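Structure data follow from start_25.txt (compact mmCIF, C-alpha atoms):
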```
# COMPACT_ATOMS: atom_id res chain seq x y z
CA MET Z 1 -21.90 18.19 25.15
CA ALA Z 2 -18.88 16.60 26.76
CA GLN Z 3 -19.88 13.30 25.18
CA GLN Z 4 -20.23 14.96 21.80
CA ARG Z 5 -16.74 16.38 22.21
CA SER Z 6 -15.20 13.00 23.05
CA PHE Z 7 -16.81 11.55 19.91
CA GLN Z 8 -15.23 14.24 17.83
CA LEU Z 9 -11.86 13.80 19.50
CA GLY Z 10 -11.93 10.03 19.02
CA THR Z 11 -13.03 10.39 15.40
CA GLY Z 12 -10.25 12.85 14.74
CA LEU Z 13 -7.70 10.47 16.27
CA PHE Z 14 -9.06 7.60 14.18
CA ILE Z 15 -8.79 9.60 10.96
CA LEU Z 16 -5.27 10.69 11.88
CA LEU Z 17 -4.31 7.07 12.58
CA GLY Z 18 -5.77 5.97 9.24
CA PHE Z 19 -3.88 8.60 7.31
CA ALA Z 20 -0.71 7.85 9.28
CA ALA Z 21 -1.07 4.20 8.21
CA LEU Z 22 -1.56 5.29 4.60
CA ALA Z 23 1.48 7.56 4.76
CA TYR Z 24 3.51 4.74 6.29
CA LEU Z 25 2.48 2.34 3.53
CA ALA Z 26 3.13 4.89 0.81
CA THR Z 27 6.54 6.03 1.99
CA GLN Z 28 8.12 3.08 3.80
CA THR Z 29 7.03 0.03 1.84
CA THR Z 30 7.10 1.34 -1.74
CA SER Z 31 9.67 2.59 -4.19
CA VAL Z 32 9.28 6.06 -2.67
CA ALA Z 33 11.46 4.85 0.22
CA ASN Z 34 14.43 4.57 -2.13
CA PHE Z 35 14.34 8.25 -3.05
CA ARG Z 36 15.02 9.37 0.48
CA GLN Z 37 18.76 9.71 0.63
CA GLY Z 38 20.98 12.30 2.17
CA ASP Z 39 23.89 14.03 0.51
CA SER Z 40 25.74 11.81 -1.87
CA TYR Z 41 28.69 11.86 -4.21
CA THR Z 42 28.83 10.35 -7.67
CA LEU Z 43 31.15 7.63 -8.89
CA GLN Z 44 31.33 6.28 -12.40
CA ALA Z 45 31.85 2.74 -13.60
CA ARG Z 46 32.10 1.25 -17.07
CA PHE Z 47 30.74 -2.17 -17.84
CA THR Z 48 30.74 -4.14 -21.07
CA ASN Z 49 27.32 -5.50 -20.18
CA ILE Z 50 24.99 -4.34 -17.44
CA GLY Z 51 22.39 -7.09 -17.88
CA GLN Z 52 19.07 -6.06 -16.33
CA LEU Z 53 20.46 -3.35 -14.06
CA LYS Z 54 17.81 -0.64 -13.58
CA LEU Z 55 17.83 2.98 -12.49
CA GLY Z 56 17.57 3.20 -8.71
CA ALA Z 57 19.05 -0.27 -8.21
CA PRO Z 58 20.97 -0.53 -4.94
CA VAL Z 59 24.70 -0.09 -4.60
CA LYS Z 60 25.94 -2.40 -1.90
CA MET Z 61 29.14 -2.92 -0.04
CA ALA Z 62 29.52 -6.05 2.06
CA GLY Z 63 25.81 -6.59 1.42
CA VAL Z 64 24.79 -3.26 2.95
CA ARG Z 65 23.07 -0.63 0.82
CA ILE Z 66 25.24 2.48 0.55
CA GLY Z 67 23.69 4.20 -2.47
CA SER Z 68 21.83 3.74 -5.72
CA VAL Z 69 22.31 3.77 -9.47
CA SER Z 70 21.56 7.32 -10.61
CA ALA Z 71 22.18 7.14 -14.37
CA ILE Z 72 22.82 4.54 -17.06
CA ASP Z 73 24.10 5.49 -20.48
CA LEU Z 74 26.02 4.06 -23.42
CA ASP Z 75 29.33 5.72 -24.26
CA PRO Z 76 29.02 6.49 -28.01
CA VAL Z 77 32.78 6.29 -28.58
CA LYS Z 78 33.93 3.36 -26.49
CA LEU Z 79 30.56 1.58 -26.84
CA ASP Z 80 30.38 0.41 -23.26
CA ALA Z 81 27.81 1.15 -20.59
CA THR Z 82 28.59 3.99 -18.20
CA VAL Z 83 26.80 3.73 -14.89
CA LYS Z 84 26.70 6.59 -12.40
CA LEU Z 85 26.48 5.54 -8.76
CA ALA Z 86 25.23 7.95 -6.10
CA VAL Z 87 26.96 6.86 -2.89
CA SER Z 88 25.99 8.34 0.47
CA ASN Z 89 28.46 10.83 1.92
CA ARG Z 90 28.66 8.75 5.08
CA PHE Z 91 30.77 6.26 3.12
CA ASN Z 92 33.41 8.64 1.75
CA THR Z 93 36.45 6.54 2.58
CA LEU Z 94 36.23 3.92 -0.17
CA PRO Z 95 39.75 3.05 -1.42
CA ASP Z 96 40.19 4.21 -5.01
CA ASP Z 97 41.22 0.75 -6.24
CA SER Z 98 37.88 -0.77 -5.18
CA ALA Z 99 36.12 -2.87 -7.78
CA ALA Z 100 32.51 -2.63 -8.95
CA ALA Z 101 30.61 -5.72 -10.05
CA ILE Z 102 27.03 -6.37 -11.11
CA PHE Z 103 25.45 -9.23 -9.19
CA THR Z 104 21.99 -10.70 -8.92
CA SER Z 105 20.36 -10.94 -5.51
CA GLY Z 106 19.23 -14.52 -5.10
CA LEU Z 107 18.05 -16.70 -7.91
CA LEU Z 108 15.16 -14.53 -9.05
CA GLY Z 109 16.07 -11.17 -7.53
CA ASP Z 110 16.95 -7.83 -9.09
CA GLN Z 111 20.45 -6.88 -10.07
CA TYR Z 112 22.62 -4.57 -8.00
CA VAL Z 113 26.10 -3.08 -8.03
CA ALA Z 114 28.42 -4.58 -5.45
CA ILE Z 115 31.59 -2.76 -4.48
CA GLN Z 116 34.55 -4.81 -3.30
CA THR Z 117 37.05 -2.90 -1.25
CA GLY Z 118 40.60 -2.48 -2.39
CA GLY Z 119 43.68 -1.68 -0.34
CA SER Z 120 44.78 1.69 -1.65
CA PRO Z 121 45.42 4.48 0.87
CA GLU Z 122 43.81 7.00 -1.52
CA VAL Z 123 40.03 7.36 -1.40
CA PHE Z 124 37.42 7.95 -4.11
CA LYS Z 125 36.37 11.54 -4.67
CA ASP Z 126 33.24 12.88 -6.36
CA GLY Z 127 33.25 12.03 -10.08
CA ASP Z 128 35.97 9.36 -9.92
CA GLU Z 129 35.79 6.27 -12.04
CA PHE Z 130 36.25 2.64 -11.11
CA ILE Z 131 39.21 1.02 -12.84
CA LEU Z 132 38.23 -2.52 -11.99
CA THR Z 133 34.74 -3.58 -13.01
CA GLN Z 134 33.04 -6.89 -13.58
CA SER Z 135 30.04 -7.08 -15.87
CA SER Z 136 26.84 -8.88 -15.15
CA MET Z 137 26.83 -12.65 -15.62
CA GLN Z 138 24.59 -13.50 -18.53
CA LEU Z 139 22.89 -16.84 -18.08
CA GLU Z 140 22.88 -17.34 -21.86
CA ASP Z 141 26.65 -16.82 -22.05
CA LEU Z 142 27.24 -19.29 -19.27
CA ILE Z 143 25.06 -21.89 -20.94
CA GLY Z 144 26.80 -21.23 -24.26
CA LYS Z 145 30.24 -21.66 -22.71
CA PHE Z 146 29.13 -24.80 -20.93
CA LEU Z 147 27.79 -26.33 -24.14
CA ALA Z 148 30.81 -25.34 -26.19
CA GLY Z 149 33.21 -26.62 -23.55
CA SER Z 150 31.61 -29.96 -22.85
CA GLY Z 151 29.91 -31.18 -25.99
CA GLY Z 152 32.69 -30.87 -28.59
CA SER Z 153 32.76 -34.50 -29.69
CA LYS Z 154 29.29 -35.72 -30.60
CA SER Z 155 26.48 -33.22 -30.26
CA ASP Z 156 28.16 -30.36 -32.12
CA LYS Z 157 28.78 -32.11 -35.41
CA PRO Z 158 25.19 -32.52 -36.56
CA ASN Z 159 24.52 -28.91 -35.47
CA VAL Z 160 27.43 -27.64 -37.55
CA ALA Z 161 26.56 -29.83 -40.49
CA THR Z 162 22.94 -28.73 -40.83
CA PRO Z 163 23.54 -25.00 -41.31
CA GLU Z 164 26.07 -25.75 -44.02
CA ALA Z 165 23.66 -28.12 -45.72
CA GLU Z 166 21.07 -25.37 -45.64
CA THR Z 167 23.36 -22.61 -46.90
CA LYS Z 168 24.86 -24.50 -49.82
CA PRO Z 169 21.72 -24.78 -51.93
CA GLU Z 170 21.12 -21.05 -51.61
CA PRO Z 171 23.66 -19.83 -54.20
CA ALA Z 172 22.39 -22.51 -56.56
CA ALA Z 173 18.86 -21.36 -56.02
CA ALA Z 174 19.88 -17.74 -56.48
CA ILE Z 175 21.46 -18.25 -59.91
CA PRO Z 176 18.25 -18.94 -61.85
CA ASN Z 177 16.82 -15.68 -60.55
CA GLN Z 178 19.67 -13.54 -61.90
CA PRO Z 179 19.06 -13.61 -65.66
CA MET G 1 -41.54 -2.60 -1.00
CA SER G 2 -44.81 -4.16 0.06
CA ASP G 3 -45.33 -5.14 -3.59
CA ASN G 4 -42.36 -7.48 -3.43
CA SER G 5 -44.00 -9.89 -1.04
CA LYS G 6 -46.88 -10.39 -3.49
CA MET G 7 -44.54 -11.38 -6.31
CA PRO G 8 -44.54 -15.14 -6.67
CA SER G 9 -41.26 -15.64 -8.53
CA PRO G 10 -38.03 -15.42 -6.49
CA LEU G 11 -36.21 -14.25 -9.62
CA MET G 12 -38.54 -11.30 -10.13
CA ASN G 13 -38.31 -10.63 -6.42
CA GLY G 14 -34.51 -10.51 -6.63
CA ILE G 15 -34.53 -8.20 -9.65
CA ALA G 16 -36.99 -5.90 -7.90
CA GLN G 17 -34.73 -5.85 -4.82
CA VAL G 18 -31.72 -4.86 -6.92
CA GLY G 19 -33.74 -2.13 -8.61
CA ALA G 20 -35.05 -0.81 -5.30
CA CYS G 21 -31.51 -0.83 -3.90
CA GLY G 22 -30.29 1.16 -6.93
CA LEU G 23 -33.05 3.74 -6.49
CA PHE G 24 -32.22 3.90 -2.79
CA PHE G 25 -28.58 4.60 -3.73
CA PHE G 26 -29.60 7.61 -5.82
CA SER G 27 -31.86 8.93 -3.09
CA ILE G 28 -28.92 8.67 -0.64
CA LEU G 29 -26.71 10.58 -3.08
CA ALA G 30 -29.41 13.26 -3.35
CA ALA G 31 -29.64 13.40 0.45
CA ILE G 32 -25.88 13.86 1.00
CA PRO G 33 -25.84 17.67 0.45
CA ARG G 34 -28.78 18.04 2.85
CA SER G 35 -27.04 15.84 5.44
CA MET G 36 -24.20 18.34 5.74
CA VAL G 37 -26.47 20.19 8.19
CA HIS G 38 -26.21 17.14 10.46
CA PHE G 39 -22.45 16.81 10.11
CA ALA G 40 -22.08 15.95 13.80
CA GLN G 41 -24.07 12.81 13.01
CA THR G 42 -21.52 11.83 10.38
CA VAL G 43 -18.68 12.39 12.85
CA LYS G 44 -20.47 10.23 15.41
CA GLN G 45 -20.93 7.47 12.83
CA ILE G 46 -17.28 7.59 11.76
CA TRP G 47 -16.47 7.09 15.42
CA PHE G 48 -18.90 4.21 15.68
CA VAL G 49 -18.17 2.29 12.44
CA GLY G 50 -14.53 3.33 12.13
CA ALA G 51 -12.80 3.94 15.41
CA MET G 52 -14.74 1.23 17.25
CA SER G 53 -13.76 -1.30 14.55
CA LEU G 54 -10.05 -0.59 15.02
CA ILE G 55 -9.39 -3.35 17.52
CA ILE G 56 -10.85 -6.15 15.40
CA ILE G 57 -9.19 -4.77 12.25
CA MET G 58 -5.78 -4.45 13.89
CA THR G 59 -5.89 -7.90 15.48
CA CYS G 60 -7.03 -9.56 12.26
CA GLY G 61 -4.49 -7.63 10.19
CA LEU G 62 -1.69 -8.76 12.47
CA PHE G 63 -2.71 -12.41 12.26
CA VAL G 64 -3.32 -12.32 8.49
CA GLY G 65 0.16 -10.84 7.97
CA MET G 66 1.74 -13.40 10.27
CA VAL G 67 0.04 -16.40 8.67
CA LEU G 68 0.79 -15.07 5.18
CA ALA G 69 4.48 -14.78 6.03
CA LEU G 70 4.54 -18.27 7.51
CA GLN G 71 2.80 -19.88 4.53
CA LEU G 72 4.79 -17.99 1.91
CA TYR G 73 8.06 -18.72 3.70
CA TYR G 74 7.30 -22.41 3.41
CA VAL G 75 6.41 -22.17 -0.29
CA LEU G 76 9.24 -19.78 -1.22
CA SER G 77 11.85 -21.84 0.60
CA ILE G 78 11.12 -24.66 -1.86
CA PHE G 79 12.37 -22.39 -4.66
CA GLY G 80 15.09 -20.78 -2.56
CA GLY G 81 13.37 -17.43 -2.95
CA THR G 82 12.64 -16.45 0.65
CA GLY G 83 14.16 -13.03 -0.07
CA ALA G 84 10.98 -12.22 -1.99
CA LEU G 85 8.82 -12.75 1.12
CA GLY G 86 8.40 -9.04 1.87
CA THR G 87 7.46 -8.29 -1.73
CA VAL G 88 4.89 -11.06 -1.97
CA VAL G 89 3.32 -10.27 1.40
CA ALA G 90 3.11 -6.55 0.62
CA LEU G 91 1.67 -7.02 -2.86
CA SER G 92 -0.93 -9.58 -1.81
CA LEU G 93 -1.94 -7.48 1.20
CA PHE G 94 -2.15 -4.14 -0.59
CA ARG G 95 -3.82 -5.37 -3.74
CA GLU G 96 -6.15 -8.08 -2.45
CA LEU G 97 -6.27 -9.23 1.13
CA GLY G 98 -6.23 -5.86 2.85
CA PRO G 99 -9.31 -4.37 1.17
CA VAL G 100 -11.25 -7.65 0.94
CA VAL G 101 -10.71 -8.98 4.47
CA THR G 102 -11.28 -5.52 5.92
CA ALA G 103 -14.52 -5.30 3.92
CA LEU G 104 -15.72 -8.68 5.17
CA LEU G 105 -14.90 -7.74 8.76
CA PHE G 106 -16.48 -4.34 8.25
CA ALA G 107 -19.67 -5.99 6.95
CA GLY G 108 -19.81 -8.16 10.06
CA ARG G 109 -18.85 -5.48 12.54
CA ALA G 110 -20.40 -2.28 11.16
CA GLY G 111 -22.85 -3.39 8.46
CA THR G 112 -24.91 -5.51 10.84
CA SER G 113 -25.14 -2.76 13.43
CA ILE G 114 -26.28 -0.26 10.79
CA THR G 115 -28.99 -2.68 9.61
CA ALA G 116 -30.13 -3.50 13.14
CA GLU G 117 -30.23 0.13 14.20
CA ILE G 118 -32.11 1.43 11.15
CA GLY G 119 -34.30 -1.68 11.15
CA LEU G 120 -35.32 -1.11 14.77
CA MET G 121 -35.99 2.53 13.96
CA ARG G 122 -38.30 1.30 11.22
CA ALA G 123 -39.91 -1.33 13.46
CA THR G 124 -40.56 1.14 16.27
CA ASP G 125 -41.83 3.79 13.82
CA GLN G 126 -39.06 6.24 14.68
CA LEU G 127 -38.45 6.86 10.97
CA SER G 128 -42.14 7.72 10.48
CA ALA G 129 -41.98 9.97 13.53
CA MET G 130 -39.03 11.83 11.98
CA GLU G 131 -40.97 12.36 8.80
CA MET G 132 -43.86 13.69 10.88
CA MET G 133 -41.48 16.23 12.43
CA ALA G 134 -40.27 17.23 8.95
CA VAL G 135 -36.86 15.64 9.59
CA ASP G 136 -35.76 13.74 6.52
CA PRO G 137 -34.60 10.30 7.75
CA LEU G 138 -32.51 9.84 4.61
CA SER G 139 -30.39 12.89 5.35
CA TYR G 140 -30.43 12.52 9.17
CA VAL G 141 -30.02 8.74 9.56
CA VAL G 142 -28.96 7.08 6.31
CA ALA G 143 -26.64 9.56 4.58
CA PRO G 144 -24.35 10.09 7.64
CA ARG G 145 -23.86 6.31 7.90
CA PHE G 146 -23.15 6.03 4.20
CA LEU G 147 -20.59 8.83 4.34
CA ALA G 148 -19.03 7.33 7.46
CA GLY G 149 -18.61 3.97 5.69
CA LEU G 150 -17.10 5.69 2.68
CA ILE G 151 -14.56 7.52 4.85
CA ALA G 152 -13.83 4.81 7.41
CA MET G 153 -13.31 1.81 5.10
CA PRO G 154 -10.14 3.00 3.30
CA LEU G 155 -8.63 4.18 6.58
CA LEU G 156 -9.38 0.82 8.20
CA ALA G 157 -7.90 -1.00 5.19
CA CYS G 158 -4.70 1.06 5.51
CA VAL G 159 -4.45 0.23 9.21
CA PHE G 160 -5.05 -3.44 8.33
CA ASN G 161 -2.27 -3.36 5.71
CA ALA G 162 0.18 -1.68 8.06
CA MET G 163 -0.54 -4.23 10.79
CA GLY G 164 -0.20 -7.03 8.23
CA ILE G 165 3.23 -5.80 7.18
CA PHE G 166 4.18 -5.56 10.85
CA GLY G 167 2.99 -9.14 11.44
CA ALA G 168 4.86 -10.42 8.39
CA HIS G 169 8.02 -8.67 9.60
CA LEU G 170 7.53 -10.19 13.04
CA VAL G 171 7.30 -13.73 11.65
CA GLY G 172 9.70 -13.41 8.72
CA VAL G 173 12.51 -11.42 10.29
CA THR G 174 12.20 -11.82 14.04
CA TRP G 175 11.12 -15.44 14.14
CA LEU G 176 12.28 -17.16 10.94
CA GLY G 177 15.47 -15.12 10.74
CA LEU G 178 15.23 -13.57 7.27
CA ASP G 179 17.55 -10.66 6.65
CA ASN G 180 15.91 -7.37 7.64
CA GLY G 181 17.52 -5.41 4.81
CA THR G 182 16.51 -7.95 2.17
CA PHE G 183 12.94 -7.97 3.47
CA TRP G 184 12.56 -4.19 3.14
CA SER G 185 14.70 -3.52 0.08
CA ASN G 186 12.99 -6.19 -2.03
CA MET G 187 9.64 -4.80 -0.90
CA THR G 188 10.52 -1.19 -1.65
CA SER G 189 11.97 -2.05 -5.05
CA SER G 190 8.83 -3.86 -6.26
CA VAL G 191 5.86 -2.10 -4.63
CA ASP G 192 4.52 0.96 -6.39
CA VAL G 193 2.56 3.76 -4.71
CA TRP G 194 0.03 4.34 -7.47
CA LYS G 195 -0.37 0.86 -8.86
CA ASP G 196 -0.42 -1.07 -5.59
CA VAL G 197 -1.17 1.09 -2.56
CA LEU G 198 -3.75 3.38 -4.16
CA ASN G 199 -5.27 0.48 -6.08
CA GLY G 200 -6.19 -1.01 -2.70
CA VAL G 201 -7.51 2.33 -1.46
CA TRP G 202 -9.89 2.66 -4.44
CA LYS G 203 -11.10 -0.86 -3.85
CA SER G 204 -11.79 -0.21 -0.19
CA VAL G 205 -13.68 3.01 -0.96
CA ALA G 206 -15.93 1.05 -3.31
CA PHE G 207 -16.39 -1.74 -0.75
CA GLY G 208 -17.26 0.78 1.97
CA ALA G 209 -19.91 2.33 -0.27
CA VAL G 210 -21.40 -1.04 -1.23
CA ILE G 211 -21.50 -2.42 2.32
CA THR G 212 -23.11 0.65 3.88
CA LEU G 213 -25.55 0.89 0.96
CA ILE G 214 -26.68 -2.72 1.42
CA ALA G 215 -26.79 -2.40 5.21
CA ALA G 216 -28.82 0.81 5.15
CA PHE G 217 -31.13 -0.53 2.44
CA GLN G 218 -31.82 -3.74 4.35
CA GLY G 219 -32.49 -1.80 7.53
CA TYR G 220 -34.62 0.82 5.82
CA THR G 221 -36.84 -1.71 4.04
CA THR G 222 -37.03 -4.34 6.76
CA ALA G 223 -40.30 -5.94 7.78
CA PRO G 224 -41.22 -4.03 10.98
CA THR G 225 -41.04 -7.06 13.29
CA SER G 226 -38.26 -8.51 15.41
CA GLU G 227 -38.08 -11.47 13.03
CA GLY G 228 -37.87 -9.06 10.08
CA VAL G 229 -34.90 -7.25 11.66
CA ALA G 230 -33.19 -10.58 12.27
CA TYR G 231 -33.62 -11.62 8.62
CA ALA G 232 -32.51 -8.20 7.40
CA THR G 233 -29.30 -8.43 9.45
CA THR G 234 -28.54 -11.88 8.06
CA ARG G 235 -29.21 -10.69 4.51
CA THR G 236 -26.83 -7.76 5.03
CA VAL G 237 -23.91 -10.04 5.85
CA VAL G 238 -24.68 -12.55 3.11
CA GLN G 239 -25.31 -10.02 0.37
CA SER G 240 -22.45 -7.69 1.20
CA SER G 241 -19.97 -10.59 1.38
CA ILE G 242 -21.06 -11.84 -2.05
CA VAL G 243 -21.10 -8.38 -3.59
CA VAL G 244 -17.70 -7.48 -2.13
CA LEU G 245 -16.04 -10.60 -3.53
CA ALA G 246 -17.72 -10.22 -6.93
CA LEU G 247 -16.93 -6.52 -7.10
CA ASP G 248 -13.34 -7.34 -6.12
CA PHE G 249 -12.99 -9.52 -9.19
CA VAL G 250 -14.47 -6.87 -11.46
CA MET G 251 -12.32 -4.08 -10.00
CA THR G 252 -9.17 -6.18 -10.18
CA ALA G 253 -9.86 -6.86 -13.84
CA PHE G 254 -10.28 -3.15 -14.54
CA LEU G 255 -7.53 -1.78 -12.29
CA MET G 256 -4.81 -4.19 -13.42
```
Spit out the file's structure as structure tokens when you get a sec.
Amino acid sequence: MAQQRSFQLGTGLFILLGFAALAYLATQTTSVANFRQGDSYTLQARFTNIGQLKLGAPVKMAGVRIGSVSAIDLDPVKLDATVKLAVSNRFNTLPDDSAAAIFTSGLLGDQYVAIQTGGSPEVFKDGDEFILTQSSMQLEDLIGKFLAGSGGSKSDKPNVATPEAETKPEPAAAIPNQP
Amino acid sequence: MSDNSKMPSPLMNGIAQVGACGLFFFSILAAIPRSMVHFAQTVKQIWFVGAMSLIIIMTCGLFVGMVLALQLYYVLSIFGGTGALGTVVALSLFRELGPVVTALLFAGRAGTSITAEIGLMRATDQLSAMEMMAVDPLSYVVAPRFLAGLIAMPLLACVFNAMGIFGAHLVGVTWLGLDNGTFWSNMTSSVDVWKDVLNGVWKSVAFGAVITLIAAFQGYTTAPTSEGVAYATTRTVVQSSIVVLALDFVMTAFLM
């Protein structure tokens, strides 16, 4: 009987260990881990372009996660993106002239909001808005600027000439259709 | 089963084996409600196939995680993407390596012992003796082992995954000096509970069922000699390894 009991005890411990491992995997290594956050206050930032920023993306200061993106919306009047940042109450002494920027972690990583500290003696309060923001770098824009800046002499001319050559025949072709 | 040995063609023999195994599966399912009377047997088997396999599973999980981190660090550093190490290790462990390697170890550690035990019961006529005493061997011997495999496999796979993550963290962060925060935050931002973690759990439940089914079937239908038990044990490992890897492909295609 004592042997029977030790079997049952050991089996129970094994099942508990298995479920503990499952709970660990489910809560610590997955996106569920990002939901656990204590009390937080909300800051707002406006960007002209947020790139691939997603809900729940980290908000970092000096590379350390201090909160997450809680809402993304487009302002219907000003037509820029408004991003709400939930920042942990532990970090409630951010100077109110701090700047928010959207960066990419690594070459292939996700995008996040980085906060650069300012020097103002006043601190951000719940609901405040960033004055200084820097939008996400678009790779396409950078390539466009690079091409426009460097290749003005030779490579651009054939590119400019061909659209014009294509557009000119169009009015001529359109006239026979009108009568 | 005695008919099989008379069949000349190996192909027909194989088809008959598959059919007999399928029928055996249904008779196990029918015996499960009756085996609830012998629930202590199931508990004992969970202890034997599950808890006793913990050491091998944990050790192997640790080493698989460590070697995965080392290999991926080398490959990812070519692209300058070592920050993705945690993500890649977690996804490959949860979705593939955890369930499959655990299943292969489980087949070697638990499947063989199930086959040998039931096979020896068959060889020494213990199963016939049970029938004589009106004890159904399917519900007293086979069904508890099947249930134990079904319950123990996913738990073992979860322990394997957790140890693998621990090993990857040990190599990636402690040894190779990746940033701890990057390791975890990239992992938590890309791994999904339902799509990745539970996907692996479903796989391991299926593998547990298949391995214990094959092991019990081979033991139950073994030739009642010591040579027969030896062949049956070998067949258990070979067949369950093949079926696990094939089933893994099919399940991955469906669970994507």
Which value, in Å to one decimal, gives the distance between atom CA of Ala21 of chain Z and atom CA of Gly61 of chain G?
->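 About the pair atom CA of Ala21 of chain Z and atom CA of Gly61 of chain G: they are 12.5 Å apart.
Checking G:Ala230, G:Met153, G:Val43, G:Ala107 one by one against chain Z, counting all atoms listed in the file, you find the shortest gap at G:Val43.
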List every residue of chain Z that has an atom at most 10 Å from any atom of chain G, giving for each one its closest atom pair and the distance in Å to one decimal, counting only C-alpha atoms, sorted by chain and then by ascending residue number, as JSON lines.
```
{"residue": "Z:Gln4", "atom": "CA", "partner": "G:Lys44", "partner_atom": "CA", "distance": 8.0}
{"residue": "Z:Arg5", "atom": "CA", "partner": "G:Lys44", "partner_atom": "CA", "distance": 9.9}
{"residue": "Z:Ser6", "atom": "CA", "partner": "G:Lys44", "partner_atom": "CA", "distance": 9.7}
{"residue": "Z:Phe7", "atom": "CA", "partner": "G:Lys44", "partner_atom": "CA", "distance": 5.9}
{"residue": "Z:Gln8", "atom": "CA", "partner": "G:Val43", "partner_atom": "CA", "distance": 6.3}
{"residue": "Z:Leu9", "atom": "CA", "partner": "G:Trp47", "partner_atom": "CA", "distance": 9.1}
{"residue": "Z:Gly10", "atom": "CA", "partner": "G:Trp47", "partner_atom": "CA", "distance": 6.5}
{"residue": "Z:Thr11", "atom": "CA", "partner": "G:Trp47", "partner_atom": "CA", "distance": 4.8}
{"residue": "Z:Gly12", "atom": "CA", "partner": "G:Trp47", "partner_atom": "CA", "distance": 8.5}
{"residue": "Z:Leu13", "atom": "CA", "partner": "G:Ala51", "partner_atom": "CA", "distance": 8.3}
{"residue": "Z:Phe14", "atom": "CA", "partner": "G:Ala51", "partner_atom": "CA", "distance": 5.4}
{"residue": "Z:Ile15", "atom": "CA", "partner": "G:Leu155", "partner_atom": "CA", "distance": 7.0}
{"residue": "Z:Leu16", "atom": "CA", "partner": "G:Leu155", "partner_atom": "CA", "distance": 9.0}
{"residue": "Z:Leu17", "atom": "CA", "partner": "G:Val159", "partner_atom": "CA", "distance": 7.6}
{"residue": "Z:Gly18", "atom": "CA", "partner": "G:Leu155", "partner_atom": "CA", "distance": 4.3}
{"residue": "Z:Phe19", "atom": "CA", "partner": "G:Leu155", "partner_atom": "CA", "distance": 6.5}
{"residue": "Z:Ala20", "atom": "CA", "partner": "G:Val159", "partner_atom": "CA", "distance": 8.5}
{"residue": "Z:Ala21", "atom": "CA", "partner": "G:Val159", "partner_atom": "CA", "distance": 5.3}
{"residue": "Z:Leu22", "atom": "CA", "partner": "G:Cys158", "partner_atom": "CA", "distance": 5.3}
{"residue": "Z:Ala23", "atom": "CA", "partner": "G:Cys158", "partner_atom": "CA", "distance": 9.0}
{"residue": "Z:Tyr24", "atom": "CA", "partner": "G:Ala162", "partner_atom": "CA", "distance": 7.4}
{"residue": "Z:Leu25", "atom": "CA", "partner": "G:Ala162", "partner_atom": "CA", "distance": 6.5}
{"residue": "Z:Ala26", "atom": "CA", "partner": "G:Val193", "partner_atom": "CA", "distance": 5.7}
{"residue": "Z:Thr27", "atom": "CA", "partner": "G:Val193", "partner_atom": "CA", "distance": 8.1}
{"residue": "Z:Gln28", "atom": "CA", "partner": "G:Thr188", "partner_atom": "CA", "distance": 7.3}
{"residue": "Z:Thr29", "atom": "CA", "partner": "G:Thr188", "partner_atom": "CA", "distance": 5.1}
{"residue": "Z:Thr30", "atom": "CA", "partner": "G:Thr188", "partner_atom": "CA", "distance": 4.3}
{"residue": "Z:Ser31", "atom": "CA", "partner": "G:Thr188", "partner_atom": "CA", "distance": 4.6}
{"residue": "Z:Val32", "atom": "CA", "partner": "G:Val193", "partner_atom": "CA", "distance": 7.4}
{"residue": "Z:Ala33", "atom": "CA", "partner": "G:Thr188", "partner_atom": "CA", "distance": 6.4}
{"residue": "Z:Asn34", "atom": "CA", "partner": "G:Thr188", "partner_atom": "CA", "distance": 7.0}
{"residue": "Z:Gly56", "atom": "CA", "partner": "G:Ser189", "partner_atom": "CA", "distance": 8.5}
{"residue": "Z:Ala57", "atom": "CA", "partner": "G:Ser189", "partner_atom": "CA", "distance": 8.0}
{"residue": "Z:Pro58", "atom": "CA", "partner": "G:Ser185", "partner_atom": "CA", "distance": 8.6}
{"residue": "Z:Gly63", "atom": "CA", "partner": "G:Gly181", "partner_atom": "CA", "distance": 9.0}
{"residue": "Z:Val64", "atom": "CA", "partner": "G:Gly181", "partner_atom": "CA", "distance": 7.8}
{"residue": "Z:Arg65", "atom": "CA", "partner": "G:Gly181", "partner_atom": "CA", "distance": 8.3}
{"residue": "Z:Ser105", "atom": "CA", "partner": "G:Gly83", "partner_atom": "CA", "distance": 8.5}
{"residue": "Z:Gly106", "atom": "CA", "partner": "G:Gly81", "partner_atom": "CA", "distance": 6.9}
{"residue": "Z:Leu107", "atom": "CA", "partner": "G:Gly81", "partner_atom": "CA", "distance": 6.9}
{"residue": "Z:Leu108", "atom": "CA", "partner": "G:Gly81", "partner_atom": "CA", "distance": 7.0}
{"residue": "Z:Gly109", "atom": "CA", "partner": "G:Ala84", "partner_atom": "CA", "distance": 7.6}
{"residue": "Z:Asp110", "atom": "CA", "partner": "G:Asn186", "partner_atom": "CA", "distance": 8.3}
```
Fewer than 3 positions away in the same chain doesn't count, so skip those; otherwise give me all residues within 6 Å of Tyr41 of chain Z, counting only C-alpha atoms, as a VMD selection string.
-> chain Z and resid 86 to 87 126
Grab the atom CA of Trp175 of chain G to atom CA of Val67 of chain G distance for me, in Å with one decimal place.
->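 Computing it gives 12.4 Å between the two atoms.
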Scan for residues within 12 Å of the point (35.1, -9.7, -15.0) in the coordinates of the file, using all atoms listed in the file, and reply as a PyMOL selection string.
-> chain Z and resi 46-50+99-103+131-138
Shell around Ala71 of chain Z at 9 Å using all atoms listed in the file, local window under 4 positions removed, as a ChimeraX atom specification = /Z:54-56,82-86
